[in-house]
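Raw contents of query-v4.tsv, TSV, N, CA, C and O atoms:
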chain	number	residue	atom	x	y	z
Z	1	MET	N	-17.80	-3.01	25.98
Z	1	MET	CA	-17.27	-3.62	24.77
Z	1	MET	C	-16.58	-2.56	23.92
Z	1	MET	O	-17.16	-1.54	23.60
Z	2	SER	N	-15.33	-2.78	23.58
Z	2	SER	CA	-14.58	-1.81	22.79
Z	2	SER	C	-14.74	-2.12	21.29
Z	2	SER	O	-14.92	-3.27	20.89
Z	3	VAL	N	-14.66	-1.08	20.51
Z	3	VAL	CA	-14.74	-1.22	19.06
Z	3	VAL	C	-13.32	-1.27	18.52
Z	3	VAL	O	-12.52	-0.38	18.78
Z	4	GLU	N	-13.02	-2.35	17.78
Z	4	GLU	CA	-11.69	-2.47	17.20
Z	4	GLU	C	-11.61	-1.68	15.91
Z	4	GLU	O	-12.59	-1.57	15.18
Z	5	LYS	N	-10.43	-1.14	15.63
Z	5	LYS	CA	-10.19	-0.42	14.40
Z	5	LYS	C	-9.36	-1.31	13.50
Z	5	LYS	O	-8.27	-1.74	13.87
Z	6	PHE	N	-9.88	-1.60	12.34
Z	6	PHE	CA	-9.20	-2.51	11.42
Z	6	PHE	C	-8.41	-1.72	10.38
Z	6	PHE	O	-8.84	-1.53	9.26
Z	7	ASP	N	-7.26	-1.22	10.80
Z	7	ASP	CA	-6.37	-0.50	9.90
Z	7	ASP	C	-5.04	-1.24	9.84
Z	7	ASP	O	-4.92	-2.36	10.33
Z	8	VAL	N	-4.04	-0.63	9.24
Z	8	VAL	CA	-2.76	-1.32	9.05
Z	8	VAL	C	-2.02	-1.58	10.35
Z	8	VAL	O	-1.00	-2.28	10.35
Z	9	ASN	N	-2.50	-1.07	11.46
Z	9	ASN	CA	-1.85	-1.32	12.75
Z	9	ASN	C	-2.48	-2.49	13.52
Z	9	ASN	O	-1.98	-2.86	14.58
Z	10	HIS	N	-3.54	-3.05	13.02
Z	10	HIS	CA	-4.18	-4.20	13.67
Z	10	HIS	C	-3.38	-5.45	13.32
Z	10	HIS	O	-3.03	-5.69	12.16
Z	11	ARG	N	-3.09	-6.28	14.30
Z	11	ARG	CA	-2.19	-7.42	14.07
Z	11	ARG	C	-2.74	-8.42	13.06
Z	11	ARG	O	-1.98	-9.00	12.28
Z	12	LEU	N	-4.03	-8.64	13.01
Z	12	LEU	CA	-4.59	-9.57	12.04
Z	12	LEU	C	-4.60	-8.98	10.63
Z	12	LEU	O	-4.44	-9.70	9.65
Z	13	VAL	N	-4.75	-7.69	10.55
Z	13	VAL	CA	-4.65	-7.01	9.25
Z	13	VAL	C	-3.20	-7.09	8.76
Z	13	VAL	O	-2.94	-7.35	7.59
Z	14	GLN	N	-2.26	-6.92	9.68
Z	14	GLN	CA	-0.84	-7.02	9.32
Z	14	GLN	C	-0.50	-8.42	8.82
Z	14	GLN	O	0.27	-8.58	7.87
Z	15	LEU	N	-1.08	-9.44	9.44
Z	15	LEU	CA	-0.86	-10.81	8.98
Z	15	LEU	C	-1.39	-10.99	7.56
Z	15	LEU	O	-0.72	-11.56	6.70
Z	16	THR	N	-2.58	-10.47	7.31
Z	16	THR	CA	-3.17	-10.57	5.98
Z	16	THR	C	-2.32	-9.82	4.96
Z	16	THR	O	-2.11	-10.29	3.84
Z	17	MET	N	-1.84	-8.65	5.36
Z	17	MET	CA	-0.97	-7.87	4.47
Z	17	MET	C	0.31	-8.64	4.15
Z	17	MET	O	0.77	-8.63	3.00
Z	18	THR	N	0.88	-9.28	5.14
Z	18	THR	CA	2.11	-10.05	4.92
Z	18	THR	C	1.86	-11.21	3.95
Z	18	THR	O	2.67	-11.46	3.05
Z	19	LEU	N	0.74	-11.90	4.12
Z	19	LEU	CA	0.41	-13.00	3.21
Z	19	LEU	C	0.22	-12.49	1.78
Z	19	LEU	O	0.71	-13.10	0.82
Z	20	LYS	N	-0.48	-11.37	1.62
Z	20	LYS	CA	-0.69	-10.79	0.29
Z	20	LYS	C	0.62	-10.32	-0.30
Z	20	LYS	O	0.90	-10.54	-1.49
Z	21	LEU	N	1.45	-9.69	0.51
Z	21	LEU	CA	2.76	-9.22	0.05
Z	21	LEU	C	3.60	-10.38	-0.48
Z	21	LEU	O	4.19	-10.30	-1.55
Z	22	GLN	N	3.64	-11.47	0.27
Z	22	GLN	CA	4.42	-12.63	-0.16
Z	22	GLN	C	3.91	-13.20	-1.48
Z	22	GLN	O	4.69	-13.58	-2.34
Z	23	LYS	N	2.60	-13.22	-1.65
Z	23	LYS	CA	2.03	-13.72	-2.90
Z	23	LYS	C	2.41	-12.81	-4.06
Z	23	LYS	O	2.82	-13.27	-5.13
Z	24	LEU	N	2.28	-11.49	-3.86
Z	24	LEU	CA	2.63	-10.55	-4.93
Z	24	LEU	C	4.11	-10.61	-5.26
Z	24	LEU	O	4.50	-10.55	-6.43
Z	25	GLN	N	4.96	-10.75	-4.25
Z	25	GLN	CA	6.40	-10.85	-4.48
Z	25	GLN	C	6.74	-12.13	-5.24
Z	25	GLN	O	7.60	-12.13	-6.11
Z	26	ARG	N	6.06	-13.20	-4.93
Z	26	ARG	CA	6.33	-14.49	-5.56
Z	26	ARG	C	5.84	-14.53	-7.00
Z	26	ARG	O	6.48	-15.13	-7.86
Z	27	THR	N	4.72	-13.86	-7.30
Z	27	THR	CA	4.11	-14.02	-8.61
Z	27	THR	C	4.32	-12.86	-9.58
Z	27	THR	O	4.41	-13.09	-10.78
Z	28	GLU	N	4.36	-11.61	-9.07
Z	28	GLU	CA	4.37	-10.49	-10.00
Z	28	GLU	C	5.34	-9.36	-9.68
Z	28	GLU	O	5.89	-8.75	-10.59
Z	29	LEU	N	5.50	-9.02	-8.42
Z	29	LEU	CA	6.29	-7.85	-8.04
Z	29	LEU	C	7.35	-8.23	-7.01
Z	29	LEU	O	7.20	-7.97	-5.82
Z	30	PRO	N	8.46	-8.81	-7.44
Z	30	PRO	CA	9.46	-9.30	-6.48
Z	30	PRO	C	10.10	-8.20	-5.63
Z	30	PRO	O	10.60	-8.49	-4.55
Z	31	THR	N	10.06	-6.96	-6.07
Z	31	THR	CA	10.70	-5.88	-5.31
Z	31	THR	C	9.71	-5.10	-4.45
Z	31	THR	O	10.10	-4.14	-3.79
Z	32	LEU	N	8.47	-5.50	-4.43
Z	32	LEU	CA	7.45	-4.82	-3.62
Z	32	LEU	C	7.80	-4.96	-2.14
Z	32	LEU	O	8.22	-6.02	-1.69
Z	33	THR	N	7.61	-3.87	-1.39
Z	33	THR	CA	7.89	-3.90	0.04
Z	33	THR	C	6.60	-3.80	0.85
Z	33	THR	O	5.56	-3.40	0.32
Z	34	TYR	N	6.71	-4.14	2.10
Z	34	TYR	CA	5.56	-4.01	3.02
Z	34	TYR	C	5.11	-2.56	3.07
Z	34	TYR	O	3.92	-2.27	3.07
Z	35	GLY	N	6.06	-1.64	3.07
Z	35	GLY	CA	5.75	-0.22	3.10
Z	35	GLY	C	4.96	0.23	1.87
Z	35	GLY	O	4.07	1.07	1.96
Z	36	ASN	N	5.32	-0.34	0.69
Z	36	ASN	CA	4.57	-0.02	-0.52
Z	36	ASN	C	3.11	-0.43	-0.40
Z	36	ASN	O	2.20	0.32	-0.77
Z	37	LEU	N	2.89	-1.63	0.12
Z	37	LEU	CA	1.52	-2.13	0.29
Z	37	LEU	C	0.78	-1.28	1.31
Z	37	LEU	O	-0.38	-0.91	1.11
Z	38	GLU	N	1.44	-0.94	2.39
Z	38	GLU	CA	0.83	-0.11	3.43
Z	38	GLU	C	0.48	1.28	2.87
Z	38	GLU	O	-0.61	1.80	3.13
Z	39	ASP	N	1.38	1.85	2.09
Z	39	ASP	CA	1.12	3.15	1.47
Z	39	ASP	C	-0.09	3.09	0.55
Z	39	ASP	O	-0.93	3.99	0.53
Z	40	PHE	N	-0.20	2.01	-0.22
Z	40	PHE	CA	-1.34	1.85	-1.12
Z	40	PHE	C	-2.65	1.76	-0.34
Z	40	PHE	O	-3.63	2.42	-0.69
Z	41	LEU	N	-2.65	0.96	0.70
Z	41	LEU	CA	-3.88	0.80	1.48
Z	41	LEU	C	-4.33	2.12	2.10
Z	41	LEU	O	-5.49	2.50	1.98
Z	42	MET	N	-3.40	2.82	2.74
Z	42	MET	CA	-3.77	4.04	3.43
Z	42	MET	C	-3.93	5.23	2.48
Z	42	MET	O	-4.74	6.12	2.72
Z	43	GLY	N	-3.19	5.25	1.39
Z	43	GLY	CA	-3.23	6.38	0.48
Z	43	GLY	C	-4.22	6.27	-0.65
Z	43	GLY	O	-4.51	7.24	-1.32
Z	44	SER	N	-4.75	5.07	-0.86
Z	44	SER	CA	-5.68	4.89	-1.96
Z	44	SER	C	-6.93	4.12	-1.53
Z	44	SER	O	-8.03	4.67	-1.49
Z	45	LEU	N	-6.74	2.87	-1.18
Z	45	LEU	CA	-7.88	2.01	-0.90
Z	45	LEU	C	-8.68	2.46	0.32
Z	45	LEU	O	-9.91	2.49	0.29
Z	46	TRP	N	-8.00	2.86	1.38
Z	46	TRP	CA	-8.69	3.26	2.61
Z	46	TRP	C	-8.53	4.76	2.87
Z	46	TRP	O	-8.58	5.21	4.01
Z	47	LYS	N	-8.38	5.53	1.82
Z	47	LYS	CA	-8.17	6.96	1.96
Z	47	LYS	C	-9.34	7.64	2.67
Z	47	LYS	O	-9.16	8.55	3.46
Z	48	LYS	N	-10.54	7.20	2.40
Z	48	LYS	CA	-11.73	7.82	2.98
Z	48	LYS	C	-12.18	7.16	4.27
Z	48	LYS	O	-13.12	7.59	4.90
Z	49	GLY	N	-11.53	6.08	4.66
Z	49	GLY	CA	-11.88	5.41	5.90
Z	49	GLY	C	-11.51	3.94	5.86
Z	49	GLY	O	-11.49	3.32	4.80
Z	50	THR	N	-11.21	3.42	7.03
Z	50	THR	CA	-10.83	2.01	7.13
Z	50	THR	C	-12.07	1.14	7.28
Z	50	THR	O	-13.11	1.62	7.71
Z	51	PRO	N	-11.95	-0.13	6.93
Z	51	PRO	CA	-13.09	-1.04	7.05
Z	51	PRO	C	-13.56	-1.18	8.50
Z	51	PRO	O	-12.79	-1.02	9.44
Z	52	LYS	N	-14.83	-1.48	8.66
Z	52	LYS	CA	-15.44	-1.60	9.99
Z	52	LYS	C	-15.35	-3.02	10.54
Z	52	LYS	O	-15.63	-3.24	11.71
Z	53	SER	N	-14.98	-3.98	9.71
Z	53	SER	CA	-14.89	-5.36	10.18
Z	53	SER	C	-13.62	-6.02	9.64
Z	53	SER	O	-13.09	-5.60	8.61
Z	54	LEU	N	-13.17	-7.02	10.35
Z	54	LEU	CA	-11.96	-7.73	9.95
Z	54	LEU	C	-12.15	-8.44	8.62
Z	54	LEU	O	-11.27	-8.40	7.76
Z	55	HIS	N	-13.29	-9.07	8.41
Z	55	HIS	CA	-13.48	-9.80	7.16
Z	55	HIS	C	-13.50	-8.84	5.96
Z	55	HIS	O	-13.03	-9.18	4.89
Z	56	LYS	N	-14.01	-7.64	6.14
Z	56	LYS	CA	-14.02	-6.65	5.07
Z	56	LYS	C	-12.59	-6.18	4.78
Z	56	LYS	O	-12.18	-6.06	3.62
Z	57	ALA	N	-11.81	-5.93	5.83
Z	57	ALA	CA	-10.42	-5.52	5.66
Z	57	ALA	C	-9.62	-6.60	4.94
Z	57	ALA	O	-8.89	-6.32	3.99
Z	58	ALA	N	-9.77	-7.83	5.38
Z	58	ALA	CA	-9.05	-8.95	4.76
Z	58	ALA	C	-9.46	-9.13	3.31
Z	58	ALA	O	-8.61	-9.34	2.44
Z	59	ASP	N	-10.75	-9.02	3.03
Z	59	ASP	CA	-11.24	-9.17	1.66
Z	59	ASP	C	-10.66	-8.09	0.76
Z	59	ASP	O	-10.24	-8.37	-0.37
Z	60	GLU	N	-10.61	-6.86	1.25
Z	60	GLU	CA	-10.07	-5.76	0.46
Z	60	GLU	C	-8.57	-5.95	0.20
Z	60	GLU	O	-8.09	-5.70	-0.90
Z	61	ILE	N	-7.84	-6.39	1.21
Z	61	ILE	CA	-6.40	-6.61	1.05
Z	61	ILE	C	-6.15	-7.73	0.05
Z	61	ILE	O	-5.32	-7.60	-0.85
Z	62	LEU	N	-6.86	-8.82	0.20
Z	62	LEU	CA	-6.63	-9.97	-0.68
Z	62	LEU	C	-7.08	-9.72	-2.11
Z	62	LEU	O	-6.65	-10.42	-3.03
Z	63	SER	N	-7.93	-8.73	-2.34
Z	63	SER	CA	-8.38	-8.43	-3.70
Z	63	SER	C	-7.51	-7.39	-4.41
Z	63	SER	O	-7.73	-7.09	-5.57
Z	64	VAL	N	-6.48	-6.87	-3.73
Z	64	VAL	CA	-5.57	-5.91	-4.34
Z	64	VAL	C	-4.79	-6.59	-5.45
Z	64	VAL	O	-4.29	-7.71	-5.28
Z	65	SER	N	-4.68	-5.91	-6.58
Z	65	SER	CA	-3.91	-6.48	-7.69
Z	65	SER	C	-2.58	-5.75	-7.84
Z	65	SER	O	-2.41	-4.62	-7.35
Z	66	ALA	N	-1.66	-6.39	-8.51
Z	66	ALA	CA	-0.35	-5.78	-8.75
Z	66	ALA	C	-0.51	-4.50	-9.55
Z	66	ALA	O	0.17	-3.50	-9.28
Z	67	SER	N	-1.41	-4.49	-10.51
Z	67	SER	CA	-1.59	-3.29	-11.33
Z	67	SER	C	-2.13	-2.13	-10.50
Z	67	SER	O	-1.79	-0.97	-10.76
Z	68	ASP	N	-2.97	-2.41	-9.50
Z	68	ASP	CA	-3.46	-1.35	-8.60
Z	68	ASP	C	-2.29	-0.68	-7.89
Z	68	ASP	O	-2.21	0.55	-7.81
Z	69	ILE	N	-1.39	-1.49	-7.37
Z	69	ILE	CA	-0.25	-0.97	-6.62
Z	69	ILE	C	0.71	-0.22	-7.53
Z	69	ILE	O	1.17	0.87	-7.20
Z	70	VAL	N	0.99	-0.77	-8.71
Z	70	VAL	CA	1.90	-0.11	-9.65
Z	70	VAL	C	1.32	1.23	-10.09
Z	70	VAL	O	2.04	2.23	-10.14
Z	71	ARG	N	0.04	1.27	-10.36
Z	71	ARG	CA	-0.61	2.52	-10.75
Z	71	ARG	C	-0.49	3.56	-9.64
Z	71	ARG	O	-0.16	4.71	-9.88
Z	72	PHE	N	-0.76	3.15	-8.40
Z	72	PHE	CA	-0.67	4.06	-7.26
Z	72	PHE	C	0.77	4.56	-7.06
Z	72	PHE	O	1.00	5.75	-6.88
Z	73	LEU	N	1.74	3.65	-7.09
Z	73	LEU	CA	3.13	4.04	-6.87
Z	73	LEU	C	3.64	4.94	-7.98
Z	73	LEU	O	4.41	5.88	-7.73
Z	74	SER	N	3.19	4.70	-9.21
Z	74	SER	CA	3.57	5.57	-10.33
Z	74	SER	C	3.02	6.97	-10.13
Z	74	SER	O	3.72	7.97	-10.35
Z	75	LYS	N	1.78	7.04	-9.72
Z	75	LYS	CA	1.15	8.35	-9.48
Z	75	LYS	C	1.88	9.08	-8.36
Z	75	LYS	O	2.15	10.29	-8.46
Z	76	MET	N	2.23	8.38	-7.29
Z	76	MET	CA	2.92	9.00	-6.18
Z	76	MET	C	4.33	9.47	-6.59
Z	76	MET	O	4.80	10.51	-6.12
Z	77	ALA	N	4.99	8.73	-7.47
Z	77	ALA	CA	6.31	9.14	-7.94
Z	77	ALA	C	6.21	10.44	-8.74
Z	77	ALA	O	7.06	11.32	-8.60
Z	78	VAL	N	5.17	10.57	-9.55
Z	78	VAL	CA	4.97	11.80	-10.32
Z	78	VAL	C	4.68	12.97	-9.37
Z	78	VAL	O	5.24	14.06	-9.51
Z	79	VAL	N	3.81	12.74	-8.39
Z	79	VAL	CA	3.47	13.80	-7.43
Z	79	VAL	C	4.70	14.22	-6.63
Z	79	VAL	O	4.98	15.41	-6.48
Z	80	ASP	N	5.46	13.24	-6.16
Z	80	ASP	CA	6.67	13.55	-5.39
Z	80	ASP	C	7.71	14.25	-6.26
Z	80	ASP	O	8.39	15.17	-5.81
Z	81	GLY	N	7.83	13.82	-7.51
Z	81	GLY	CA	8.78	14.44	-8.43
Z	81	GLY	C	8.43	15.89	-8.74
Z	81	GLY	O	9.31	16.73	-8.89
Z	82	ALA	N	7.14	16.17	-8.82
Z	82	ALA	CA	6.70	17.53	-9.10
Z	82	ALA	C	7.02	18.49	-7.96
Z	82	ALA	O	7.15	19.69	-8.17
Z	83	LYS	N	7.19	17.97	-6.77
Z	83	LYS	CA	7.48	18.79	-5.60
Z	83	LYS	C	8.97	19.11	-5.47
Z	83	LYS	O	9.35	19.95	-4.66
Z	84	GLN	N	9.80	18.45	-6.25
Z	84	GLN	CA	11.25	18.63	-6.13
Z	84	GLN	C	11.76	19.66	-7.13
Z	84	GLN	O	11.10	19.98	-8.12
Z	85	ASN	N	12.95	20.15	-6.87
Z	85	ASN	CA	13.61	21.07	-7.77
Z	85	ASN	C	14.34	20.31	-8.85
Z	85	ASN	O	14.70	19.14	-8.67
Z	86	LEU	N	14.62	20.97	-9.95
Z	86	LEU	CA	15.34	20.34	-11.05
Z	86	LEU	C	16.73	19.88	-10.61
Z	86	LEU	O	17.23	18.85	-11.07
Z	87	GLU	N	17.33	20.60	-9.67
Z	87	GLU	CA	18.66	20.22	-9.19
Z	87	GLU	C	18.65	18.86	-8.49
Z	87	GLU	O	19.66	18.17	-8.46
Z	88	ASP	N	17.50	18.46	-7.96
Z	88	ASP	CA	17.40	17.17	-7.29
Z	88	ASP	C	17.57	16.00	-8.27
Z	88	ASP	O	17.82	14.88	-7.85
Z	89	PHE	N	17.42	16.28	-9.56
Z	89	PHE	CA	17.50	15.23	-10.57
Z	89	PHE	C	18.81	15.27	-11.35
Z	89	PHE	O	18.97	14.61	-12.37
Z	90	SER	N	19.79	16.04	-10.88
Z	90	SER	CA	21.05	16.19	-11.62
Z	90	SER	C	21.78	14.87	-11.78
Z	90	SER	O	22.43	14.66	-12.82
Z	91	ASP	N	21.66	13.96	-10.83
Z	91	ASP	CA	22.33	12.67	-10.96
Z	91	ASP	C	21.68	11.80	-12.05
Z	91	ASP	O	22.33	10.94	-12.63
Z	92	VAL	N	20.44	12.06	-12.38
Z	92	VAL	CA	19.73	11.28	-13.39
Z	92	VAL	C	19.90	11.89	-14.78
Z	92	VAL	O	20.16	11.19	-15.75
Z	93	ILE	N	19.78	13.22	-14.87
Z	93	ILE	CA	19.84	13.87	-16.17
Z	93	ILE	C	21.22	14.43	-16.51
Z	93	ILE	O	21.43	14.95	-17.60
Z	94	GLY	N	22.14	14.30	-15.62
Z	94	GLY	CA	23.49	14.79	-15.85
Z	94	GLY	C	23.64	16.24	-15.39
Z	94	GLY	O	22.67	16.94	-15.18
Z	95	GLY	N	24.80	16.64	-15.26
Z	95	GLY	CA	25.08	18.00	-14.83
Z	95	GLY	C	26.06	17.99	-13.68
Z	95	GLY	O	26.48	16.97	-13.18
Z	96	SER	N	26.41	19.17	-13.28
Z	96	SER	CA	27.42	19.27	-12.23
Z	96	SER	C	26.82	19.59	-10.89
Z	96	SER	O	25.75	19.90	-10.68
Could you render the structure from this file as structure tokens?
Amino acid sequence: MSVEKFDVNHRLVQLTMTLKLQKLQRTELPTLTYGNLEDFLMGSLWKKGTPKSLHKAADEILSVSASDIVRFLSKMAVVDGAKQNLEDFSDVIGGS
């Protein structure tokens, strides 16, 4: 008997993610992408490990709120921005 891994690569987890994504896009975050949701799950919610059962994975995905994702993406934008040079922002702040 093999042990299944319930991460973002499991087809039933992907189905649950798609359903949650569609709900979030319809109600609160129309520009949210599948990649954003996947990044949140792996980078925040399941950072220390993935769920051991399908029902736990589905429950965690379905309980994600828009504010959780926005908070995570905002934090990641700050972290990514801190890694860049000032010249990388010349199109935003002006300059030659």
Check the smallest atom-to-atom distance from each of Z:Ser74, Z:Ser65, Z:Met17, Z:Ser53 to Z:Leu37 using only C-alpha atoms, then report the winner.
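Closest to Z:Leu37, using only C-alpha atoms: Z:Met17.
Within the 7 Å cut-off around stretch 2-11 of chain Z, using all atoms listed in the file and omitting residues fewer than 2 positions from it on the same chain, the listed residues are Z:Val13, Z:Gln14, Z:Leu15, Z:Thr16, Z:Met17, Z:Glu38, Z:Gly49, Z:Thr50, Z:Pro51, Z:Lys52, Z:Ser53, Z:Leu54, Z:Ala57.
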Can you pull out every residue from stretch 16-63 of chain Z that DSSP, working from the backbone, puts in alpha helix (DSSP H), and format the result as a PyMOL selection string?
chain Z and resi 16-27+34-40+54-62
Could you please take those selected residues and save N, CA, C and O atoms as a CSV table (one decimal), in the coordinates of the input?
chain,number,residue,atom,x,y,z
Z,16,THR,N,-2.6,-10.5,7.3
Z,16,THR,CA,-3.2,-10.6,6.0
Z,16,THR,C,-2.3,-9.8,5.0
Z,16,THR,O,-2.1,-10.3,3.8
Z,17,MET,N,-1.8,-8.6,5.4
Z,17,MET,CA,-1.0,-7.9,4.5
Z,17,MET,C,0.3,-8.6,4.2
Z,17,MET,O,0.8,-8.6,3.0
Z,18,THR,N,0.9,-9.3,5.1
Z,18,THR,CA,2.1,-10.0,4.9
Z,18,THR,C,1.9,-11.2,4.0
Z,18,THR,O,2.7,-11.5,3.0
Z,19,LEU,N,0.7,-11.9,4.1
Z,19,LEU,CA,0.4,-13.0,3.2
Z,19,LEU,C,0.2,-12.5,1.8
Z,19,LEU,O,0.7,-13.1,0.8
Z,20,LYS,N,-0.5,-11.4,1.6
Z,20,LYS,CA,-0.7,-10.8,0.3
Z,20,LYS,C,0.6,-10.3,-0.3
Z,20,LYS,O,0.9,-10.5,-1.5
Z,21,LEU,N,1.4,-9.7,0.5
Z,21,LEU,CA,2.8,-9.2,0.0
Z,21,LEU,C,3.6,-10.4,-0.5
Z,21,LEU,O,4.2,-10.3,-1.6
Z,22,GLN,N,3.6,-11.5,0.3
Z,22,GLN,CA,4.4,-12.6,-0.2
Z,22,GLN,C,3.9,-13.2,-1.5
Z,22,GLN,O,4.7,-13.6,-2.3
Z,23,LYS,N,2.6,-13.2,-1.6
Z,23,LYS,CA,2.0,-13.7,-2.9
Z,23,LYS,C,2.4,-12.8,-4.1
Z,23,LYS,O,2.8,-13.3,-5.1
Z,24,LEU,N,2.3,-11.5,-3.9
Z,24,LEU,CA,2.6,-10.6,-4.9
Z,24,LEU,C,4.1,-10.6,-5.3
Z,24,LEU,O,4.5,-10.6,-6.4
Z,25,GLN,N,5.0,-10.8,-4.2
Z,25,GLN,CA,6.4,-10.8,-4.5
Z,25,GLN,C,6.7,-12.1,-5.2
Z,25,GLN,O,7.6,-12.1,-6.1
Z,26,ARG,N,6.1,-13.2,-4.9
Z,26,ARG,CA,6.3,-14.5,-5.6
Z,26,ARG,C,5.8,-14.5,-7.0
Z,26,ARG,O,6.5,-15.1,-7.9
Z,27,THR,N,4.7,-13.9,-7.3
Z,27,THR,CA,4.1,-14.0,-8.6
Z,27,THR,C,4.3,-12.9,-9.6
Z,27,THR,O,4.4,-13.1,-10.8
Z,34,TYR,N,6.7,-4.1,2.1
Z,34,TYR,CA,5.6,-4.0,3.0
Z,34,TYR,C,5.1,-2.6,3.1
Z,34,TYR,O,3.9,-2.3,3.1
Z,35,GLY,N,6.1,-1.6,3.1
Z,35,GLY,CA,5.8,-0.2,3.1
Z,35,GLY,C,5.0,0.2,1.9
Z,35,GLY,O,4.1,1.1,2.0
Z,36,ASN,N,5.3,-0.3,0.7
Z,36,ASN,CA,4.6,0.0,-0.5
Z,36,ASN,C,3.1,-0.4,-0.4
Z,36,ASN,O,2.2,0.3,-0.8
Z,37,LEU,N,2.9,-1.6,0.1
Z,37,LEU,CA,1.5,-2.1,0.3
Z,37,LEU,C,0.8,-1.3,1.3
Z,37,LEU,O,-0.4,-0.9,1.1
Z,38,GLU,N,1.4,-0.9,2.4
Z,38,GLU,CA,0.8,-0.1,3.4
Z,38,GLU,C,0.5,1.3,2.9
Z,38,GLU,O,-0.6,1.8,3.1
Z,39,ASP,N,1.4,1.8,2.1
Z,39,ASP,CA,1.1,3.2,1.5
Z,39,ASP,C,-0.1,3.1,0.6
Z,39,ASP,O,-0.9,4.0,0.5
Z,40,PHE,N,-0.2,2.0,-0.2
Z,40,PHE,CA,-1.3,1.8,-1.1
Z,40,PHE,C,-2.6,1.8,-0.3
Z,40,PHE,O,-3.6,2.4,-0.7
Z,54,LEU,N,-13.2,-7.0,10.4
Z,54,LEU,CA,-12.0,-7.7,10.0
Z,54,LEU,C,-12.2,-8.4,8.6
Z,54,LEU,O,-11.3,-8.4,7.8
Z,55,HIS,N,-13.3,-9.1,8.4
Z,55,HIS,CA,-13.5,-9.8,7.2
Z,55,HIS,C,-13.5,-8.8,6.0
Z,55,HIS,O,-13.0,-9.2,4.9
Z,56,LYS,N,-14.0,-7.6,6.1
Z,56,LYS,CA,-14.0,-6.6,5.1
Z,56,LYS,C,-12.6,-6.2,4.8
Z,56,LYS,O,-12.2,-6.1,3.6
Z,57,ALA,N,-11.8,-5.9,5.8
Z,57,ALA,CA,-10.4,-5.5,5.7
Z,57,ALA,C,-9.6,-6.6,4.9
Z,57,ALA,O,-8.9,-6.3,4.0
Z,58,ALA,N,-9.8,-7.8,5.4
Z,58,ALA,CA,-9.0,-9.0,4.8
Z,58,ALA,C,-9.5,-9.1,3.3
Z,58,ALA,O,-8.6,-9.3,2.4
Z,59,ASP,N,-10.8,-9.0,3.0
Z,59,ASP,CA,-11.2,-9.2,1.7
Z,59,ASP,C,-10.7,-8.1,0.8
Z,59,ASP,O,-10.2,-8.4,-0.4
Z,60,GLU,N,-10.6,-6.9,1.2
Z,60,GLU,CA,-10.1,-5.8,0.5
Z,60,GLU,C,-8.6,-6.0,0.2
Z,60,GLU,O,-8.1,-5.7,-0.9
Z,61,ILE,N,-7.8,-6.4,1.2
Z,61,ILE,CA,-6.4,-6.6,1.0
Z,61,ILE,C,-6.2,-7.7,0.0
Z,61,ILE,O,-5.3,-7.6,-0.8
Z,62,LEU,N,-6.9,-8.8,0.2
Z,62,LEU,CA,-6.6,-10.0,-0.7
Z,62,LEU,C,-7.1,-9.7,-2.1
Z,62,LEU,O,-6.6,-10.4,-3.0
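Our summary of the geometry notes that atom N of Z:Ser63 is positioned 8.0 Å from atom CA of Z:Lys20.
For the atom pair formed by atom N of Z:Thr18 and atom C of Z:Val70, the distance is 18.5 Å, given to one decimal.
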In Å to one decimal, how far is atom CA of Z:Glu60 from atom CA of Z:Gly81?
29.0 Å
How big is the axis-aligned box, and where does its centre sit, when it encloses all atoms of stretch 32-43 of chain Z listed in the file and has 6 Å added on every side, reported in Å to one decimal as AutoDock Vina command-line options?
--center_x 1.5 --center_y 0.6 --center_z -0.5 --size_x 26.0 --size_y 25.3 --size_z 19.9
Identify which of the residues Z:Glu87, Z:Asn36, Z:Lys47, Z:Ile61 lies closest to Z:Leu73, counting all atoms listed in the file when measuring atom-to-atom distances.
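For Z:Leu73, the nearest of the candidates is Z:Asn36.
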